[in-house]
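Heads up, work08.csv below (CSV, C-alpha atoms):
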chain,number,residue,atom,x,y,z
C,76,MET,CA,-9.7,-12.1,11.8
C,77,ALA,CA,-12.6,-10.4,9.9
C,78,ILE,CA,-14.7,-7.9,11.8
C,79,PRO,CA,-17.9,-6.6,10.1
C,80,LEU,CA,-18.3,-2.8,10.5
C,81,SER,CA,-22.1,-3.0,10.7
C,82,HIS,CA,-25.1,-5.2,10.3
C,83,ASN,CA,-27.6,-2.3,10.1
C,84,LEU,CA,-29.0,-0.4,7.1
C,85,PHE,CA,-29.1,3.3,7.7
C,86,PRO,CA,-32.3,5.3,6.8
C,87,GLY,CA,-30.5,8.6,5.9
C,88,ALA,CA,-27.3,10.5,5.4
C,89,SER,CA,-27.4,11.8,9.0
C,90,MET,CA,-27.0,8.3,10.3
C,91,PHE,CA,-23.9,7.8,8.2
C,92,ILE,CA,-22.4,10.8,9.8
C,93,GLY,CA,-23.6,9.8,13.3
C,94,ASP,CA,-21.9,6.4,13.0
C,95,ALA,CA,-18.7,7.7,11.5
C,96,SER,CA,-16.7,6.8,14.6
C,97,ARG,CA,-16.9,3.1,14.0
C,98,PRO,CA,-13.6,1.4,12.7
C,99,GLY,CA,-13.1,2.2,9.0
C,100,MET,CA,-16.3,4.2,8.6
C,101,GLN,CA,-14.7,7.6,8.3
C,102,PHE,CA,-12.4,6.1,5.7
C,103,ILE,CA,-15.1,4.5,3.5
C,104,LEU,CA,-17.4,7.6,3.7
C,105,ALA,CA,-14.5,9.9,2.7
C,106,GLN,CA,-13.9,8.0,-0.6
C,107,PRO,CA,-14.6,10.5,-3.5
C,108,TRP,CA,-16.7,7.9,-5.4
C,109,MET,CA,-19.1,7.5,-2.5
C,110,ALA,CA,-20.6,11.0,-3.0
C,111,GLY,CA,-22.0,10.1,-6.5
C,112,LEU,CA,-23.9,6.9,-5.3
C,113,ASP,CA,-27.5,6.6,-4.6
C,114,GLU,CA,-28.5,6.2,-0.9
C,115,GLY,CA,-29.4,2.6,-1.2
C,116,LEU,CA,-26.0,1.6,-2.6
C,117,ARG,CA,-24.2,3.7,0.0
C,118,GLN,CA,-26.1,1.9,2.7
C,119,ARG,CA,-25.2,-1.5,1.3
C,120,ILE,CA,-21.5,-0.6,1.1
C,121,VAL,CA,-21.5,0.6,4.7
C,122,ASP,CA,-23.3,-2.5,5.8
C,123,SER,CA,-21.0,-4.9,3.9
C,124,VAL,CA,-17.5,-3.6,4.3
C,125,TYR,CA,-15.5,-5.4,7.0
C,126,THR,CA,-12.0,-5.3,8.6
C,127,LEU,CA,-9.2,-7.8,9.0
C,128,GLN,CA,-6.4,-7.6,11.5
C,129,GLY,CA,-2.9,-9.0,11.5
C,130,ASN,CA,0.1,-8.8,13.9
C,131,LYS,CA,3.6,-7.9,12.7
C,132,GLY,CA,5.0,-10.7,10.5
C,133,GLU,CA,1.6,-12.3,10.0
C,134,VAL,CA,0.3,-13.2,6.5
C,135,ILE,CA,-3.1,-11.5,6.5
C,136,LEU,CA,-4.1,-12.5,3.0
C,137,LYS,CA,-2.5,-15.6,1.4
C,138,ALA,CA,-1.4,-16.2,-2.2
C,139,ASN,CA,-3.4,-18.8,-4.2
C,140,GLU,CA,-6.6,-18.0,-2.3
C,141,GLU,CA,-9.8,-16.7,-3.9
C,142,VAL,CA,-9.8,-12.9,-3.9
C,143,GLN,CA,-12.8,-11.7,-1.7
C,144,GLY,CA,-12.7,-8.0,-2.5
C,145,TRP,CA,-10.8,-4.8,-2.8
C,146,TYR,CA,-8.6,-3.9,0.2
C,147,ALA,CA,-7.4,-0.8,1.9
C,148,VAL,CA,-4.9,-0.4,4.8
C,149,LEU,CA,-6.6,1.4,7.6
C,150,THR,CA,-3.7,1.3,10.0
C,151,GLY,CA,-0.2,-0.1,9.9
C,152,LEU,CA,2.0,-1.1,7.0
C,153,VAL,CA,1.9,-4.2,4.8
C,154,LYS,CA,4.0,-5.6,1.9
C,155,LEU,CA,2.9,-7.5,-1.2
C,156,GLN,CA,5.2,-10.4,-1.7
C,157,SER,CA,5.2,-13.0,-4.4
C,158,GLN,CA,5.8,-16.5,-3.1
C,159,LEU,CA,8.4,-17.0,-5.9
C,160,SER,CA,10.5,-14.3,-4.2
C,161,GLN,CA,10.7,-15.9,-0.8
C,162,GLY,CA,14.3,-16.5,0.4
C,163,ARG,CA,15.7,-14.0,-2.0
C,164,ARG,CA,16.6,-10.3,-1.3
C,165,GLN,CA,14.6,-8.1,-3.5
C,166,GLY,CA,12.3,-5.1,-3.4
C,167,TYR,CA,8.6,-5.3,-2.4
C,168,LEU,CA,5.7,-2.9,-2.6
C,169,GLY,CA,4.8,-1.4,0.7
C,170,ILE,CA,1.2,-0.2,1.3
C,171,PRO,CA,0.9,2.4,4.1
C,172,GLY,CA,-2.3,3.3,6.0
C,173,GLY,CA,-4.9,5.1,3.9
C,174,GLU,CA,-4.1,3.3,0.6
C,175,TRP,CA,-6.1,0.8,-1.4
C,176,PHE,CA,-4.5,-2.2,-3.1
C,177,GLY,CA,-5.5,-5.3,-5.1
C,178,GLU,CA,-7.7,-3.7,-7.7
C,179,GLY,CA,-6.1,-5.8,-10.4
C,180,SER,CA,-6.6,-9.0,-8.4
C,181,VAL,CA,-10.3,-8.5,-7.8
C,182,MET,CA,-10.9,-7.7,-11.5
C,183,LYS,CA,-9.4,-11.0,-12.6
C,184,ASN,CA,-11.1,-14.4,-12.0
C,185,GLU,CA,-8.1,-16.1,-10.6
C,186,PRO,CA,-6.4,-16.7,-7.2
C,187,ARG,CA,-4.3,-14.0,-5.6
C,188,ARG,CA,-0.7,-14.1,-6.8
C,189,TYR,CA,1.0,-12.7,-3.7
C,190,ASP,CA,0.9,-12.8,0.1
C,191,VAL,CA,-0.1,-9.7,2.0
C,192,ILE,CA,2.2,-9.6,5.0
C,193,ALA,CA,2.0,-7.2,8.0
C,194,LEU,CA,5.3,-5.3,8.6
C,195,ARG,CA,3.7,-4.0,11.8
C,196,ASP,CA,0.4,-4.6,13.5
C,197,SER,CA,-2.1,-3.7,10.8
C,198,GLU,CA,-5.8,-3.5,10.0
C,199,LEU,CA,-7.3,-3.8,6.6
C,200,LEU,CA,-10.8,-2.9,5.2
C,201,CYS,CA,-12.4,-5.0,2.5
C,202,LEU,CA,-15.0,-3.9,0.0
C,203,PRO,CA,-16.5,-7.3,-1.0
C,204,ARG,CA,-16.2,-8.4,-4.6
C,205,PRO,CA,-20.0,-8.2,-5.5
C,206,LEU,CA,-20.1,-4.6,-4.5
C,207,PHE,CA,-16.8,-3.9,-6.3
C,208,GLU,CA,-18.2,-5.4,-9.5
C,209,GLU,CA,-21.4,-3.4,-9.2
C,210,LEU,CA,-19.5,-0.2,-8.7
C,211,TYR,CA,-17.2,-1.0,-11.6
C,212,ALA,CA,-20.2,-1.6,-13.8
C,213,THR,CA,-22.3,1.5,-12.8
C,214,SER,CA,-20.1,4.3,-11.3
C,215,ILE,CA,-18.0,6.6,-13.5
C,216,LEU,CA,-16.3,8.1,-10.4
C,217,PHE,CA,-15.4,4.6,-9.2
C,218,ASN,CA,-14.0,3.7,-12.6
C,219,GLN,CA,-11.9,6.8,-12.6
C,220,SER,CA,-10.5,5.9,-9.2
C,221,ILE,CA,-9.7,2.4,-10.3
C,222,SER,CA,-8.0,3.7,-13.5
C,223,ARG,CA,-5.8,6.0,-11.4
C,224,HIS,CA,-4.8,3.1,-9.1
C,225,LEU,CA,-3.9,0.8,-12.0
C,226,ASN,CA,-1.8,3.5,-13.6
C,227,MET,CA,0.0,4.2,-10.3
C,228,ARG,CA,0.6,0.5,-9.7
C,229,LEU,CA,2.0,0.0,-13.2
C,230,GLY,CA,4.4,2.9,-12.6
C,231,GLN,CA,5.5,1.4,-9.3
C,232,VAL,CA,6.1,-2.1,-10.8
C,233,MET,CA,8.3,-0.6,-13.5
C,234,VAL,CA,10.3,1.4,-11.0
C,235,ILE,CA,10.8,-1.7,-8.7
C,236,ILE,CA,12.0,-3.8,-11.6
C,237,GLU,CA,14.5,-1.2,-12.8
C,238,THR,CA,15.6,-0.4,-9.2
C,239,MET,CA,16.3,-4.0,-8.4
C,240,ARG,CA,18.2,-4.7,-11.6
C,241,LEU,CA,20.3,-1.6,-12.1
C,242,ARG,CA,20.6,0.6,-9.1
C,243,ALA,CA,23.1,0.8,-6.2
C,244,PRO,CA,22.0,0.6,-2.6
C,245,ASP,CA,21.8,4.4,-2.0
C,246,GLN,CA,19.7,4.7,-5.1
C,247,ARG,CA,17.4,1.9,-3.9
C,248,VAL,CA,16.9,3.6,-0.6
C,249,ALA,CA,16.3,7.0,-2.2
C,250,MET,CA,13.8,5.5,-4.6
C,251,TYR,CA,11.8,3.9,-1.7
C,252,LEU,CA,11.7,7.2,0.1
C,253,GLY,CA,10.4,9.0,-3.0
C,254,PRO,CA,6.8,9.7,-4.0
C,255,THR,CA,6.6,6.9,-6.6
C,256,LEU,CA,7.0,4.0,-4.1
C,257,TRP,CA,5.9,5.7,-0.9
C,258,HIS,CA,2.6,7.6,-0.8
C,259,GLY,CA,2.5,8.1,3.0
C,260,SER,CA,3.6,11.1,5.0
C,261,ARG,CA,6.9,12.8,4.2
C,262,ARG,CA,7.6,12.4,7.9
C,263,MET,CA,7.3,8.6,7.8
C,264,SER,CA,7.0,6.3,10.8
C,265,LEU,CA,9.2,3.7,9.0
C,266,SER,CA,11.9,1.8,10.8
C,267,GLN,CA,15.2,1.0,9.1
C,268,GLU,CA,14.3,-2.7,9.3
C,269,GLU,CA,11.0,-2.1,7.4
C,270,LEU,CA,12.9,0.1,4.8
C,271,GLY,CA,15.4,-2.7,4.4
C,272,ILE,CA,12.7,-5.3,3.8
C,273,LEU,CA,11.0,-3.2,1.2
C,274,SER,CA,14.2,-2.2,-0.6
C,275,GLY,CA,15.8,-5.7,-0.5
C,276,LEU,CA,18.7,-4.5,1.6
C,277,SER,CA,20.1,-5.5,5.0
C,278,ARG,CA,19.4,-3.2,7.9
C,279,GLN,CA,23.1,-2.4,8.2
C,280,THR,CA,23.3,-1.2,4.6
C,281,VAL,CA,20.2,0.9,5.1
C,282,ASN,CA,21.6,2.4,8.2
C,283,THR,CA,24.8,3.3,6.4
C,284,VAL,CA,22.9,4.9,3.5
C,285,LEU,CA,20.5,6.8,5.8
C,286,ASN,CA,23.4,8.2,7.9
C,287,GLU,CA,25.0,9.5,4.7
C,288,PHE,CA,21.7,11.0,3.6
C,289,GLY,CA,21.5,12.7,6.9
C,290,ARG,CA,25.0,14.1,6.6
C,291,GLN,CA,24.0,15.6,3.2
C,292,GLY,CA,20.8,17.1,4.7
C,293,LEU,CA,18.5,14.9,2.6
C,294,VAL,CA,16.7,13.3,5.6
C,295,SER,CA,16.6,13.5,9.3
C,296,LEU,CA,16.4,10.5,11.7
C,297,ASP,CA,14.6,10.8,15.0
C,298,PHE,CA,13.4,7.9,17.2
C,299,GLY,CA,12.4,5.5,14.4
C,300,ARG,CA,11.1,8.2,12.1
C,301,ILE,CA,12.6,9.2,8.8
C,302,GLU,CA,11.7,12.8,7.7
C,303,ILE,CA,12.3,13.8,4.1
C,304,LYS,CA,14.2,17.1,4.0
C,305,ASP,CA,15.2,17.3,0.4
C,306,GLU,CA,13.0,15.2,-1.9
C,307,LYS,CA,14.5,16.6,-5.1
C,308,GLY,CA,18.0,15.7,-3.8
C,309,LEU,CA,16.9,12.2,-3.1
C,310,MET,CA,15.4,11.8,-6.6
C,311,ALA,CA,18.6,13.2,-8.1
C,312,ILE,CA,20.5,10.3,-6.5
C,313,ALA,CA,17.8,7.8,-7.5
C,314,PHE,CA,17.9,8.7,-11.1
C,315,ASN,CA,21.6,9.5,-11.5
C,316,ALA,CA,22.4,7.6,-14.7
C,317,ASN,CA,26.2,7.8,-14.0
C,318,HIS,CA,25.6,6.0,-10.7
C,319,LEU,CA,23.8,3.0,-12.2
C,320,ARG,CA,25.4,-0.4,-11.7
C,321,GLU,CA,24.5,-3.9,-10.9
C,322,ALA,CA,23.3,-3.6,-7.3
C,323,PRO,CA,24.7,-5.9,-4.7
C,324,ARG,CA,22.3,-8.1,-2.7
C,325,GLY,CA,22.8,-6.0,0.5

Structure rendered as structure tokens:
Amino acid sequence: MAIPLSHNLFPGASMFIGDASRPGMQFILAQPWMAGLDEGLRQRIVDSVYTLQGNKGEVILKANEEVQGWYAVLTGLVKLQSQLSQGRRQGYLGIPGGEWFGEGSVMKNEPRRYDVIALRDSELLCLPRPLFEELYATSILFNQSISRHLNMRLGQVMVIIETMRLRAPDQRVAMYLGPTLWHGSRRMSLSQEELGILSGLSRQTVNTVLNEFGRQGLVSLDFGRIEIKDEKGLMAIAFNANHLREAPRG
């Protein structure tokens, strides 16, 4: 369900600050590229962004539909899943709260190639395509932000491909807990079920791996939270060339 954030144009910066309690408004106003925009464009952005909500397991944005804009996860956790991958165990890209996604899709004049599925109750914010295109054509700061996102996504895709083809289950889990594929808090509110979905492993396999990581002092497990204790140690496991092998399907 789409929920507009506002239908009003604001006369000045003080009104932006005064209305910052509305859903998603603090997030959009905090974007670094907003500061370099003229007041009129900022007003149009604030007036035009809207939110979409989805319950756990729901497809919030469907593959093969027209891309309406650039999206950010305000709350919750979503995964990007190609329809070609349905029914097979493999790794997916998880997008936590506070992160944008879909910049490549909105830049191309073609339908979306993946489903956006809520792994928990989630809320998205959408910057509509016309405003995205205007910012892309006029704002250096916005272009720099898009370039960073595209570079980050390329790195993530390459890591996922390598991880799924070559790495053992403990390496998969370590990789998905690392900074390349997870940009959220190091004390992550991530269930073993969610980690299994993202890494393409069963919950039982993930549980076994996490318990071993806990025994080694790499992570701690507490009421559904996974806290990273030794990121360097996890990355040493993830990139251990002597440990590479064809990973089982979990």

Skipping near chain neighbours, those fewer than 3 positions away, what residues fall within 9 Å of range 169-179 of chain C using all atoms listed in the file, listed as a ChimeraX atom specification? /C:102,142,144-155,182-183,187,194,197-200,221,224-225,228,256-259,273

Taking C-alpha atoms for each residue, export the selection above as a PDB file, in the frame of the given file.
ATOM      1  CA  PHE C 102     -12.400   6.100   5.700  1.00  0.00           C
ATOM      2  CA  VAL C 142      -9.800 -12.900  -3.900  1.00  0.00           C
ATOM      3  CA  GLY C 144     -12.700  -8.000  -2.500  1.00  0.00           C
ATOM      4  CA  TRP C 145     -10.800  -4.800  -2.800  1.00  0.00           C
ATOM      5  CA  TYR C 146      -8.600  -3.900   0.200  1.00  0.00           C
ATOM      6  CA  ALA C 147      -7.400  -0.800   1.900  1.00  0.00           C
ATOM      7  CA  VAL C 148      -4.900  -0.400   4.800  1.00  0.00           C
ATOM      8  CA  LEU C 149      -6.600   1.400   7.600  1.00  0.00           C
ATOM      9  CA  THR C 150      -3.700   1.300  10.000  1.00  0.00           C
ATOM     10  CA  GLY C 151      -0.200  -0.100   9.900  1.00  0.00           C
ATOM     11  CA  LEU C 152       2.000  -1.100   7.000  1.00  0.00           C
ATOM     12  CA  VAL C 153       1.900  -4.200   4.800  1.00  0.00           C
ATOM     13  CA  LYS C 154       4.000  -5.600   1.900  1.00  0.00           C
ATOM     14  CA  LEU C 155       2.900  -7.500  -1.200  1.00  0.00           C
ATOM     15  CA  MET C 182     -10.900  -7.700 -11.500  1.00  0.00           C
ATOM     16  CA  LYS C 183      -9.400 -11.000 -12.600  1.00  0.00           C
ATOM     17  CA  ARG C 187      -4.300 -14.000  -5.600  1.00  0.00           C
ATOM     18  CA  LEU C 194       5.300  -5.300   8.600  1.00  0.00           C
ATOM     19  CA  SER C 197      -2.100  -3.700  10.800  1.00  0.00           C
ATOM     20  CA  GLU C 198      -5.800  -3.500  10.000  1.00  0.00           C
ATOM     21  CA  LEU C 199      -7.300  -3.800   6.600  1.00  0.00           C
ATOM     22  CA  LEU C 200     -10.800  -2.900   5.200  1.00  0.00           C
ATOM     23  CA  ILE C 221      -9.700   2.400 -10.300  1.00  0.00           C
ATOM     24  CA  HIS C 224      -4.800   3.100  -9.100  1.00  0.00           C
ATOM     25  CA  LEU C 225      -3.900   0.800 -12.000  1.00  0.00           C
ATOM     26  CA  ARG C 228       0.600   0.500  -9.700  1.00  0.00           C
ATOM     27  CA  LEU C 256       7.000   4.000  -4.100  1.00  0.00           C
ATOM     28  CA  TRP C 257       5.900   5.700  -0.900  1.00  0.00           C
ATOM     29  CA  HIS C 258       2.600   7.600  -0.800  1.00  0.00           C
ATOM     30  CA  GLY C 259       2.500   8.100   3.000  1.00  0.00           C
ATOM     31  CA  LEU C 273      11.000  -3.200   1.200  1.00  0.00           C
TER      32      LEU C 273
END

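Neighbours of Tyr189 in chain C closer than or equal to 6 Å, with all atoms listed in the file counted and sequence neighbours fewer than 4 positions away skipped, come out as Ala138, Gln156 and Ser157 of chain C.
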
Go through C:Leu168, C:Leu252, C:Leu202, C:Val121 and flag the residue nearest Ile236 in chain C, using all atoms listed in the file for the distances. C:Leu168

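Atom to atom, CA of Lys304 in chain C and CA of Asp196 in chain C stand 27.4 Å apart.
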
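Coordinates place CA of Gly275 in chain C at a distance of 20.0 Å from CA of Val294 in chain C.
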
Can you pull out the residues contacting Pro186 in chain C? Cut-off 6 Å, using only C-alpha atoms, and skip same-chain residues under 4 positions away; I want them as a PDB file with C-alpha atoms, in the frame of the given file.
ATOM      1  CA  ASN C 139      -3.400 -18.800  -4.200  1.00  0.00           C
ATOM      2  CA  GLU C 140      -6.600 -18.000  -2.300  1.00  0.00           C
ATOM      3  CA  GLU C 141      -9.800 -16.700  -3.900  1.00  0.00           C
TER       4      GLU C 141
END

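Nearest to Glu237 in chain C of all the residues C:Ile135, C:Met250, C:Leu285, C:Ile192 is C:Met250, counting only C-alpha atoms.
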
Cut-off 10 Å around (14.9, 9.9, -8.8) with all atoms listed in the file: residues as a JSON list (two decimals) with C-alpha atoms, keeping the file's coordinate frame:
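What ended up in part.json:
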[["chain", "number", "residue", "atom", "x", "y", "z"],
["C", 234, "VAL", "CA", 10.30, 1.40, -11.00],
["C", 246, "GLN", "CA", 19.70, 4.70, -5.10],
["C", 247, "ARG", "CA", 17.40, 1.90, -3.90],
["C", 249, "ALA", "CA", 16.30, 7.00, -2.20],
["C", 250, "MET", "CA", 13.80, 5.50, -4.60],
["C", 251, "TYR", "CA", 11.80, 3.90, -1.70],
["C", 252, "LEU", "CA", 11.70, 7.20, 0.10],
["C", 253, "GLY", "CA", 10.40, 9.00, -3.00],
["C", 254, "PRO", "CA", 6.80, 9.70, -4.00],
["C", 255, "THR", "CA", 6.60, 6.90, -6.60],
["C", 306, "GLU", "CA", 13.00, 15.20, -1.90],
["C", 307, "LYS", "CA", 14.50, 16.60, -5.10],
["C", 308, "GLY", "CA", 18.00, 15.70, -3.80],
["C", 309, "LEU", "CA", 16.90, 12.20, -3.10],
["C", 310, "MET", "CA", 15.40, 11.80, -6.60],
["C", 311, "ALA", "CA", 18.60, 13.20, -8.10],
["C", 312, "ILE", "CA", 20.50, 10.30, -6.50],
["C", 313, "ALA", "CA", 17.80, 7.80, -7.50],
["C", 314, "PHE", "CA", 17.90, 8.70, -11.10],
["C", 315, "ASN", "CA", 21.60, 9.50, -11.50],
["C", 316, "ALA", "CA", 22.40, 7.60, -14.70]]

Range 180-191 of chain C from the block above: all heavy atoms written as a PDB file, in the first residue's frame:
ATOM      1  N   SER C 180      17.849  -0.282 -11.807  1.00  0.00           N
ATOM      2  CA  SER C 180      16.554  -0.535 -12.446  1.00  0.00           C
ATOM      3  C   SER C 180      15.888   0.747 -12.915  1.00  0.00           C
ATOM      4  O   SER C 180      15.310   0.804 -14.005  1.00  0.00           O
ATOM      5  CB  SER C 180      15.625  -1.280 -11.476  1.00  0.00           C
ATOM      6  OG  SER C 180      16.149  -2.555 -11.150  1.00  0.00           O
ATOM      7  N   VAL C 181      15.953   1.789 -12.089  1.00  0.00           N
ATOM      8  CA  VAL C 181      15.270   3.025 -12.449  1.00  0.00           C
ATOM      9  C   VAL C 181      15.999   3.756 -13.573  1.00  0.00           C
ATOM     10  O   VAL C 181      15.402   4.552 -14.309  1.00  0.00           O
ATOM     11  CB  VAL C 181      15.095   3.942 -11.217  1.00  0.00           C
ATOM     12  CG1 VAL C 181      16.403   4.578 -10.810  1.00  0.00           C
ATOM     13  CG2 VAL C 181      14.047   5.025 -11.465  1.00  0.00           C
ATOM     14  N   MET C 182      17.285   3.481 -13.755  1.00  0.00           N
ATOM     15  CA  MET C 182      18.053   4.117 -14.815  1.00  0.00           C
ATOM     16  C   MET C 182      17.820   3.454 -16.178  1.00  0.00           C
ATOM     17  O   MET C 182      18.147   4.028 -17.214  1.00  0.00           O
ATOM     18  CB  MET C 182      19.549   4.092 -14.475  1.00  0.00           C
ATOM     19  CG  MET C 182      19.916   4.955 -13.279  1.00  0.00           C
ATOM     20  SD  MET C 182      21.623   4.708 -12.718  1.00  0.00           S
ATOM     21  CE  MET C 182      22.525   5.382 -14.107  1.00  0.00           C
ATOM     22  N   LYS C 183      17.259   2.245 -16.173  1.00  0.00           N
ATOM     23  CA  LYS C 183      17.016   1.521 -17.415  1.00  0.00           C
ATOM     24  C   LYS C 183      15.532   1.549 -17.757  1.00  0.00           C
ATOM     25  O   LYS C 183      14.682   1.408 -16.888  1.00  0.00           O
ATOM     26  CB  LYS C 183      17.493   0.074 -17.279  1.00  0.00           C
ATOM     27  CG  LYS C 183      18.997  -0.065 -17.077  1.00  0.00           C
ATOM     28  CD  LYS C 183      19.410  -1.505 -16.939  1.00  0.00           C
ATOM     29  CE  LYS C 183      18.947  -2.104 -15.640  1.00  0.00           C
ATOM     30  NZ  LYS C 183      19.504  -3.446 -15.389  1.00  0.00           N
ATOM     31  N   ASN C 184      15.222   1.695 -19.012  1.00  0.00           N
ATOM     32  CA  ASN C 184      13.834   1.730 -19.461  1.00  0.00           C
ATOM     33  C   ASN C 184      13.354   0.313 -19.754  1.00  0.00           C
ATOM     34  O   ASN C 184      13.143  -0.078 -20.896  1.00  0.00           O
ATOM     35  CB  ASN C 184      13.702   2.610 -20.704  1.00  0.00           C
ATOM     36  CG  ASN C 184      12.249   2.819 -21.100  1.00  0.00           C
ATOM     37  OD1 ASN C 184      11.346   2.681 -20.271  1.00  0.00           O
ATOM     38  ND2 ASN C 184      12.020   3.128 -22.362  1.00  0.00           N
ATOM     39  N   GLU C 185      13.212  -0.472 -18.681  1.00  0.00           N
ATOM     40  CA  GLU C 185      12.776  -1.850 -18.818  1.00  0.00           C
ATOM     41  C   GLU C 185      12.098  -2.271 -17.526  1.00  0.00           C
ATOM     42  O   GLU C 185      12.279  -1.651 -16.473  1.00  0.00           O
ATOM     43  CB  GLU C 185      13.971  -2.765 -19.108  1.00  0.00           C
ATOM     44  CG  GLU C 185      15.002  -2.816 -17.994  1.00  0.00           C
ATOM     45  CD  GLU C 185      16.181  -3.725 -18.330  1.00  0.00           C
ATOM     46  OE1 GLU C 185      16.459  -3.885 -19.535  1.00  0.00           O
ATOM     47  OE2 GLU C 185      16.805  -4.252 -17.402  1.00  0.00           O
ATOM     48  N   PRO C 186      11.295  -3.340 -17.550  1.00  0.00           N
ATOM     49  CA  PRO C 186      10.624  -3.794 -16.327  1.00  0.00           C
ATOM     50  C   PRO C 186      11.631  -4.260 -15.275  1.00  0.00           C
ATOM     51  O   PRO C 186      12.759  -4.637 -15.599  1.00  0.00           O
ATOM     52  CB  PRO C 186       9.760  -4.965 -16.818  1.00  0.00           C
ATOM     53  CG  PRO C 186       9.604  -4.750 -18.282  1.00  0.00           C
ATOM     54  CD  PRO C 186      10.882  -4.105 -18.736  1.00  0.00           C
ATOM     55  N   ARG C 187      11.194  -4.251 -14.027  1.00  0.00           N
ATOM     56  CA  ARG C 187      12.039  -4.731 -12.930  1.00  0.00           C
ATOM     57  C   ARG C 187      12.329  -6.217 -13.121  1.00  0.00           C
ATOM     58  O   ARG C 187      11.449  -6.999 -13.478  1.00  0.00           O
ATOM     59  CB  ARG C 187      11.334  -4.508 -11.590  1.00  0.00           C
ATOM     60  CG  ARG C 187      12.163  -4.897 -10.365  1.00  0.00           C
ATOM     61  CD  ARG C 187      11.400  -4.675  -9.064  1.00  0.00           C
ATOM     62  NE  ARG C 187      11.105  -3.270  -8.874  1.00  0.00           N
ATOM     63  CZ  ARG C 187       9.909  -2.721  -9.080  1.00  0.00           C
ATOM     64  NH1 ARG C 187       8.900  -3.485  -9.464  1.00  0.00           N
ATOM     65  NH2 ARG C 187       9.718  -1.442  -8.898  1.00  0.00           N
ATOM     66  N   ARG C 188      13.562  -6.624 -12.862  1.00  0.00           N
ATOM     67  CA  ARG C 188      13.979  -7.999 -13.103  1.00  0.00           C
ATOM     68  C   ARG C 188      13.891  -8.896 -11.870  1.00  0.00           C
ATOM     69  O   ARG C 188      14.250 -10.070 -11.942  1.00  0.00           O
ATOM     70  CB  ARG C 188      15.414  -8.028 -13.634  1.00  0.00           C
ATOM     71  CG  ARG C 188      15.562  -7.393 -15.006  1.00  0.00           C
ATOM     72  CD  ARG C 188      16.954  -7.601 -15.542  1.00  0.00           C
ATOM     73  NE  ARG C 188      17.112  -7.095 -16.897  1.00  0.00           N
ATOM     74  CZ  ARG C 188      18.216  -7.246 -17.625  1.00  0.00           C
ATOM     75  NH1 ARG C 188      19.262  -7.879 -17.115  1.00  0.00           N
ATOM     76  NH2 ARG C 188      18.278  -6.755 -18.851  1.00  0.00           N
ATOM     77  N   TYR C 189      13.439  -8.367 -10.754  1.00  0.00           N
ATOM     78  CA  TYR C 189      13.428  -9.162  -9.525  1.00  0.00           C
ATOM     79  C   TYR C 189      12.230  -8.772  -8.665  1.00  0.00           C
ATOM     80  O   TYR C 189      11.658  -7.680  -8.807  1.00  0.00           O
ATOM     81  CB  TYR C 189      14.715  -8.940  -8.734  1.00  0.00           C
ATOM     82  CG  TYR C 189      15.052  -7.473  -8.517  1.00  0.00           C
ATOM     83  CD1 TYR C 189      14.453  -6.734  -7.492  1.00  0.00           C
ATOM     84  CD2 TYR C 189      15.947  -6.826  -9.356  1.00  0.00           C
ATOM     85  CE1 TYR C 189      14.734  -5.397  -7.315  1.00  0.00           C
ATOM     86  CE2 TYR C 189      16.239  -5.484  -9.189  1.00  0.00           C
ATOM     87  CZ  TYR C 189      15.633  -4.768  -8.157  1.00  0.00           C
ATOM     88  OH  TYR C 189      15.910  -3.429  -7.992  1.00  0.00           O
ATOM     89  N   ASP C 190      11.835  -9.690  -7.786  1.00  0.00           N
ATOM     90  CA  ASP C 190      10.829  -9.393  -6.762  1.00  0.00           C
ATOM     91  C   ASP C 190      11.519  -8.787  -5.552  1.00  0.00           C
ATOM     92  O   ASP C 190      12.653  -9.155  -5.219  1.00  0.00           O
ATOM     93  CB  ASP C 190      10.104 -10.674  -6.323  1.00  0.00           C
ATOM     94  CG  ASP C 190       9.211 -11.252  -7.399  1.00  0.00           C
ATOM     95  OD1 ASP C 190       8.538 -10.471  -8.087  1.00  0.00           O
ATOM     96  OD2 ASP C 190       9.197 -12.492  -7.549  1.00  0.00           O
ATOM     97  N   VAL C 191      10.839  -7.888  -4.887  1.00  0.00           N
ATOM     98  CA  VAL C 191      11.289  -7.351  -3.602  1.00  0.00           C
ATOM     99  C   VAL C 191      10.357  -7.924  -2.544  1.00  0.00           C
ATOM    100  O   VAL C 191       9.176  -7.594  -2.503  1.00  0.00           O
ATOM    101  CB  VAL C 191      11.265  -5.816  -3.588  1.00  0.00           C
ATOM    102  CG1 VAL C 191      11.707  -5.281  -2.233  1.00  0.00           C
ATOM    103  CG2 VAL C 191      12.140  -5.256  -4.708  1.00  0.00           C
TER     104      VAL C 191
END
